[in-house]
Amino acid sequence: MKEYVTEIIRIDESLIEEGNIDSLKELPVLQQAAELLRKGELVAFPTETVYGLGADATEPEAIKKIYRAKGRPQDNPLIVHIAGFHELEGLVRGSLNPQAERLIKTFWPGPLTIVVDKKETIPAETTAGLDSVAIRMPAHPLTRAIIELAGVPIAAPSANKSGAPSPTRAEHVYADLKGRIPLILDGGPARVGLESTVIDVRSEKVRILRPGGVSREEIRELIGAYLHEPGDEGEGTEKSNMIEKPLSPGMKYRHYSPATPLYIIEDEQALENLLQSGLEGDIALILSEEWAGKYEASLRDSKVIKMGPRERPELIAAGIFQLLRHLDTLSLDRAYIEAIPERGIGEAIMNRIRKASSRK
Ligand code: AMP
Ligand code: MG
């Protein structure tokens, strides 16, 4: 693999806050990023979900570089990012059904990805050989400006090494991909902190393939009975869906496995049992503000890492990947993490935590 001197360039946060895409497009560094993308090189940049590793989605050689730089399994397709609704026409074969139309009108730009039948413009390399393609319009003004300047749809998985937690800060990208890519744009911490929700909109009923930044409840509120629910006819177990006939190939991977063995504390009874068992070894308990406060007295001898308030799961989401990266720097024997309610963004948080956990 080619060796790069990886440049990391900070973008003035006041410019991002204003969200003026046209003035962002004037920045020389964004033009440099777009130029690299057009030449078939990789660029890492912030999005509102996590940091992405971008390449021209229409260029097989550029796409192969993504798989090499990340060490990503060849059969795990990429999400293609666009900056405007009009770009859909060049990518989607046939027309979107009314459910899909309503969903993208409501949640785009934002953390929702739709899986649709693809046109030839998107090569097999991008979709791991599938006839479908996953598409998202990100909300982050910097991402939008880069896509507009590049003038092509941009394939962008999370900018981490395969197997590591998704990066939510530029320094996470640098730690994983230093020397493997020419440029990282630093736009501060990612707002959502978890990846997008991936939905399949190819049939009348919409299926959630991966929970993420847009919640099941929000989708249900919009399309009601057109959302395929667990237990609906034709629905297998989670295991059969994800492993035997993976609808979303990426879901069969563990995603990342922290070096620290991680166990889930399913409820307060489990926490009480754990505390009574007299925890031995070098361990940490990862708890919400609420549980850390309530059990303060019995936790006195334990190392506690706070993950944020149960009442504000969006704050837990924003910090969870950073927390998992931090955990692995502590060289602990093991760690225990509190389960939070699987409502709203809590469903996506627990999906990632369960994937990161060691099964007993
Ligand atoms: P990542 O970019 O690493 O956040 O992962 C992208 C996710 O989208 C993975 O879970 C992929 O399996 C899923 N995905 C991408 N393209 C498709 C597709 N054509 N059909 C189903 N799932 C897809
Ligand atoms: Mg990823």
# chains A, B, ... in the order shown; residues from 1 in each chain; ligands from 1
>>> residues_near_ligand(ligand="ligand 1", cutoff="9 Å", atoms="only C-alpha atoms and all ligand atoms", output="compact mmCIF listing (two decimals) with C-alpha atoms, in the first residue's frame")
# COMPACT_ATOMS: atom_id res chain seq x y z
CA VAL A 50 -19.23 9.94 12.54
CA GLY A 52 -16.23 9.40 6.99
CA LEU A 53 -13.51 8.14 4.65
CA ARG A 72 -12.64 -3.62 5.32
CA ASP A 75 -18.37 -8.10 0.94
CA ASN A 76 -19.39 -5.11 3.06
CA PRO A 77 -20.92 -2.47 0.73
CA LEU A 78 -20.47 1.29 1.11
CA ILE A 79 -22.92 4.13 1.61
CA VAL A 80 -22.98 6.70 -1.21
CA THR A 113 -29.66 5.86 4.58
CA ILE A 114 -31.97 4.27 2.01
CA VAL A 115 -31.22 1.06 0.12
CA VAL A 116 -32.57 1.18 -3.46
CA ASP A 117 -32.02 -0.57 -6.81
CA LYS A 118 -28.93 0.90 -8.41
CA THR A 126 -19.00 0.24 -4.31
CA THR A 127 -21.87 -2.11 -3.53
CA ALA A 128 -19.82 -5.29 -3.00
CA GLY A 129 -21.47 -6.77 -6.07
CA LEU A 130 -25.08 -6.10 -5.01
CA ASP A 131 -27.69 -4.71 -7.42
CA SER A 132 -28.75 -2.29 -4.73
CA VAL A 133 -27.03 0.80 -3.40
CA ALA A 134 -27.25 2.58 -0.04
CA ILE A 135 -27.64 6.37 -0.32
CA ALA A 155 -18.77 6.70 -1.02
CA ALA A 156 -17.84 7.06 2.63
CA PRO A 157 -17.75 4.40 5.33
CA SER A 158 -16.62 5.36 8.81
CA ALA A 159 -12.98 6.50 8.77
CA ASN A 160 -11.66 3.91 11.19
CA SER A 162 -12.04 -2.13 10.36
CA SER A 166 -16.17 4.48 14.51
CA LEU A 194 -23.48 6.98 15.90
CA GLU A 195 -23.85 5.90 12.29
CA SER A 196 -26.95 6.46 10.18
CA THR A 197 -30.09 4.32 10.27
CA VAL A 198 -30.06 2.06 7.19
CA ILE A 199 -33.49 1.21 5.75
CA ASP A 200 -34.49 -0.93 2.78
CA LEU A 209 -31.51 -2.96 8.47
CA ARG A 210 -29.39 -1.09 10.99
CA PRO A 246 -27.77 -10.91 5.57
CA LEU A 247 -30.07 -8.20 4.23
CA SER A 248 -27.43 -5.71 5.18
CA PRO A 249 -24.11 -7.48 4.75
CA GLY A 250 -22.29 -5.28 7.24
CA MET A 251 -24.58 -6.36 10.07
CA LYS A 252 -23.04 -9.80 10.27
CA TYR A 253 -19.74 -8.36 11.46
CA HIS A 255 -18.29 -4.13 14.01
>>> select_by_dssp(residues="region 85-275 of chain A", states="strand (DSSP E or B)", output="VMD selection string")
chain A and resid 92 112 to 118 132 to 136 154 to 155 158 163 183 to 186 197 to 200 206 to 210 227 256 262 to 265
>>> residues_around(residues="Glu3 (chain A)", least_positions_apart="4", cutoff="9 Å", atoms="only C-alpha atoms", output="PyMOL selection string")
chain A and resi 179-182
>>> closest_residue(among="A:Ser23, A:Gln322, A:Ser288, A:Ser358", to="Ala339 (chain A)", atoms="only C-alpha atoms")
A:Ser288
>>> atom_distance(atom1="CA of Lys105 (chain A)", atom2="CA of Gly188 (chain A)")
27.5 Å
>>> closest_residue(among="A:Glu101, A:Asp267, A:Glu229, A:Glu35", to="Leu149 (chain A)", atoms="only C-alpha atoms")
A:Glu35
>>> closest_residue(among="A:Leu327, A:Glu13, A:Glu217, A:Leu287", to="Gly308 (chain A)", atoms="only C-alpha atoms")
A:Leu287
>>> residues_around(residues="Leu324 (chain A)", least_positions_apart="5", cutoff="9 Å", atoms="only C-alpha atoms", output="list in words")
Pro165, Pro258, Gly319 and Ala356 of chain A
>>> residues_around(residues="region 280-283 of chain A", least_positions_apart="2", cutoff="7 Å", atoms="only C-alpha atoms", output="list of chain:residue names")
A:Gly278, A:Leu285, A:Lys303, A:Leu332, A:Asp333, A:Arg334, A:Ala335
>>> write_last_selection(atoms="C-alpha atoms", output="short mmCIF file (atom, residue, chain, number, x, y, z; two decimals), in the first residue's frame")
data_model
loop_
_atom_site.label_atom_id
_atom_site.label_comp_id
_atom_site.auth_asym_id
_atom_site.auth_seq_id
_atom_site.Cartn_x
_atom_site.Cartn_y
_atom_site.Cartn_z
CA GLY A 278 -16.93 -8.56 45.40
CA LEU A 285 -17.99 -0.02 35.63
CA LYS A 303 -13.45 2.46 39.12
CA LEU A 332 -8.17 -3.30 32.40
CA ASP A 333 -8.92 -6.98 32.96
CA ARG A 334 -12.55 -6.33 32.01
CA ALA A 335 -15.33 -3.77 32.10
#
>>> residues_around(residues="Gly54 (chain A)", least_positions_apart="3", cutoff="8 Å", atoms="only C-alpha atoms", output="NGL selection string")
:A and (37 or 42-45 or 66 or 154-157)
>>> residues_around(residues="Arg10 (chain A)", least_positions_apart="3", cutoff="9 Å", atoms="only C-alpha atoms", output="list in words")
Glu13, Ala170, Ile184, Leu185, Asp186, Gly187 and Gly188 of chain A
>>> decode(residues="region 13-86 of chain A", atoms="C-alpha atoms", output="mmCIF file, in the first residue's frame")
data_model
loop_
_atom_site.group_PDB
_atom_site.id
_atom_site.type_symbol
_atom_site.label_atom_id
_atom_site.label_comp_id
_atom_site.auth_asym_id
_atom_site.auth_seq_id
_atom_site.Cartn_x
_atom_site.Cartn_y
_atom_site.Cartn_z
ATOM 1 C CA GLU A 13 -15.658 26.145 13.844
ATOM 2 C CA SER A 14 -17.411 29.488 13.468
ATOM 3 C CA LEU A 15 -17.604 28.847 9.721
ATOM 4 C CA ILE A 16 -19.180 25.450 10.309
ATOM 5 C CA GLU A 17 -21.705 26.828 12.774
ATOM 6 C CA GLU A 18 -22.895 29.394 10.292
ATOM 7 C CA GLY A 19 -23.462 26.470 7.972
ATOM 8 C CA ASN A 20 -23.041 28.571 4.890
ATOM 9 C CA ILE A 21 -22.112 25.997 2.286
ATOM 10 C CA ASP A 22 -21.194 28.593 -0.328
ATOM 11 C CA SER A 23 -18.631 30.298 1.885
ATOM 12 C CA LEU A 24 -17.220 26.928 2.988
ATOM 13 C CA LYS A 25 -16.744 26.080 -0.678
ATOM 14 C CA GLU A 26 -14.413 29.089 -0.953
ATOM 15 C CA LEU A 27 -11.944 27.600 1.526
ATOM 16 C CA PRO A 28 -8.741 26.471 -0.227
ATOM 17 C CA VAL A 29 -8.547 23.365 1.959
ATOM 18 C CA LEU A 30 -11.988 22.207 0.825
ATOM 19 C CA GLN A 31 -11.009 22.767 -2.774
ATOM 20 C CA GLN A 32 -7.866 20.728 -2.119
ATOM 21 C CA ALA A 33 -10.030 17.952 -0.611
ATOM 22 C CA ALA A 34 -12.371 17.972 -3.622
ATOM 23 C CA GLU A 35 -9.411 17.902 -5.995
ATOM 24 C CA LEU A 36 -7.985 14.839 -4.221
ATOM 25 C CA LEU A 37 -11.376 13.107 -4.438
ATOM 26 C CA ARG A 38 -11.676 13.894 -8.140
ATOM 27 C CA LYS A 39 -8.182 12.431 -8.684
ATOM 28 C CA GLY A 40 -9.306 9.159 -7.084
ATOM 29 C CA GLU A 41 -7.646 9.732 -3.690
ATOM 30 C CA LEU A 42 -9.185 9.302 -0.240
ATOM 31 C CA VAL A 43 -10.112 12.143 2.124
ATOM 32 C CA ALA A 44 -11.446 11.821 5.684
ATOM 33 C CA PHE A 45 -13.985 14.433 6.801
ATOM 34 C CA PRO A 46 -16.547 14.999 9.522
ATOM 35 C CA THR A 47 -20.221 14.243 9.030
ATOM 36 C CA GLU A 48 -22.947 14.677 11.655
ATOM 37 C CA THR A 49 -22.937 10.911 12.387
ATOM 38 C CA VAL A 50 -19.228 9.937 12.538
ATOM 39 C CA TYR A 51 -16.108 10.822 10.519
ATOM 40 C CA GLY A 52 -16.232 9.404 6.993
ATOM 41 C CA LEU A 53 -13.515 8.140 4.649
ATOM 42 C CA GLY A 54 -14.549 9.471 1.241
ATOM 43 C CA ALA A 55 -13.814 8.391 -2.312
ATOM 44 C CA ASP A 56 -15.436 8.959 -5.711
ATOM 45 C CA ALA A 57 -18.314 6.442 -5.649
ATOM 46 C CA THR A 58 -18.228 6.069 -9.424
ATOM 47 C CA GLU A 59 -14.529 5.154 -9.631
ATOM 48 C CA PRO A 60 -13.613 1.491 -8.940
ATOM 49 C CA GLU A 61 -9.919 2.199 -8.313
ATOM 50 C CA ALA A 62 -10.739 4.870 -5.738
ATOM 51 C CA ILE A 63 -13.205 2.536 -4.015
ATOM 52 C CA LYS A 64 -10.602 -0.222 -3.761
ATOM 53 C CA LYS A 65 -8.401 2.212 -1.832
ATOM 54 C CA ILE A 66 -11.125 2.541 0.827
ATOM 55 C CA TYR A 67 -11.196 -1.219 1.383
ATOM 56 C CA ARG A 68 -7.391 -1.350 1.556
ATOM 57 C CA ALA A 69 -6.958 1.631 3.885
ATOM 58 C CA LYS A 70 -9.606 0.356 6.325
ATOM 59 C CA GLY A 71 -8.901 -3.343 5.985
ATOM 60 C CA ARG A 72 -12.640 -3.624 5.322
ATOM 61 C CA PRO A 73 -14.075 -7.024 4.316
ATOM 62 C CA GLN A 74 -14.731 -7.063 0.551
ATOM 63 C CA ASP A 75 -18.370 -8.101 0.943
ATOM 64 C CA ASN A 76 -19.393 -5.105 3.059
ATOM 65 C CA PRO A 77 -20.919 -2.470 0.730
ATOM 66 C CA LEU A 78 -20.467 1.290 1.109
ATOM 67 C CA ILE A 79 -22.923 4.132 1.605
ATOM 68 C CA VAL A 80 -22.976 6.700 -1.206
ATOM 69 C CA HIS A 81 -23.337 10.329 -0.068
ATOM 70 C CA ILE A 82 -25.036 13.029 -2.109
ATOM 71 C CA ALA A 83 -25.542 16.772 -1.603
ATOM 72 C CA GLY A 84 -28.913 17.305 -3.332
ATOM 73 C CA PHE A 85 -32.170 15.459 -4.072
ATOM 74 C CA HIS A 86 -31.650 15.894 -7.816
#
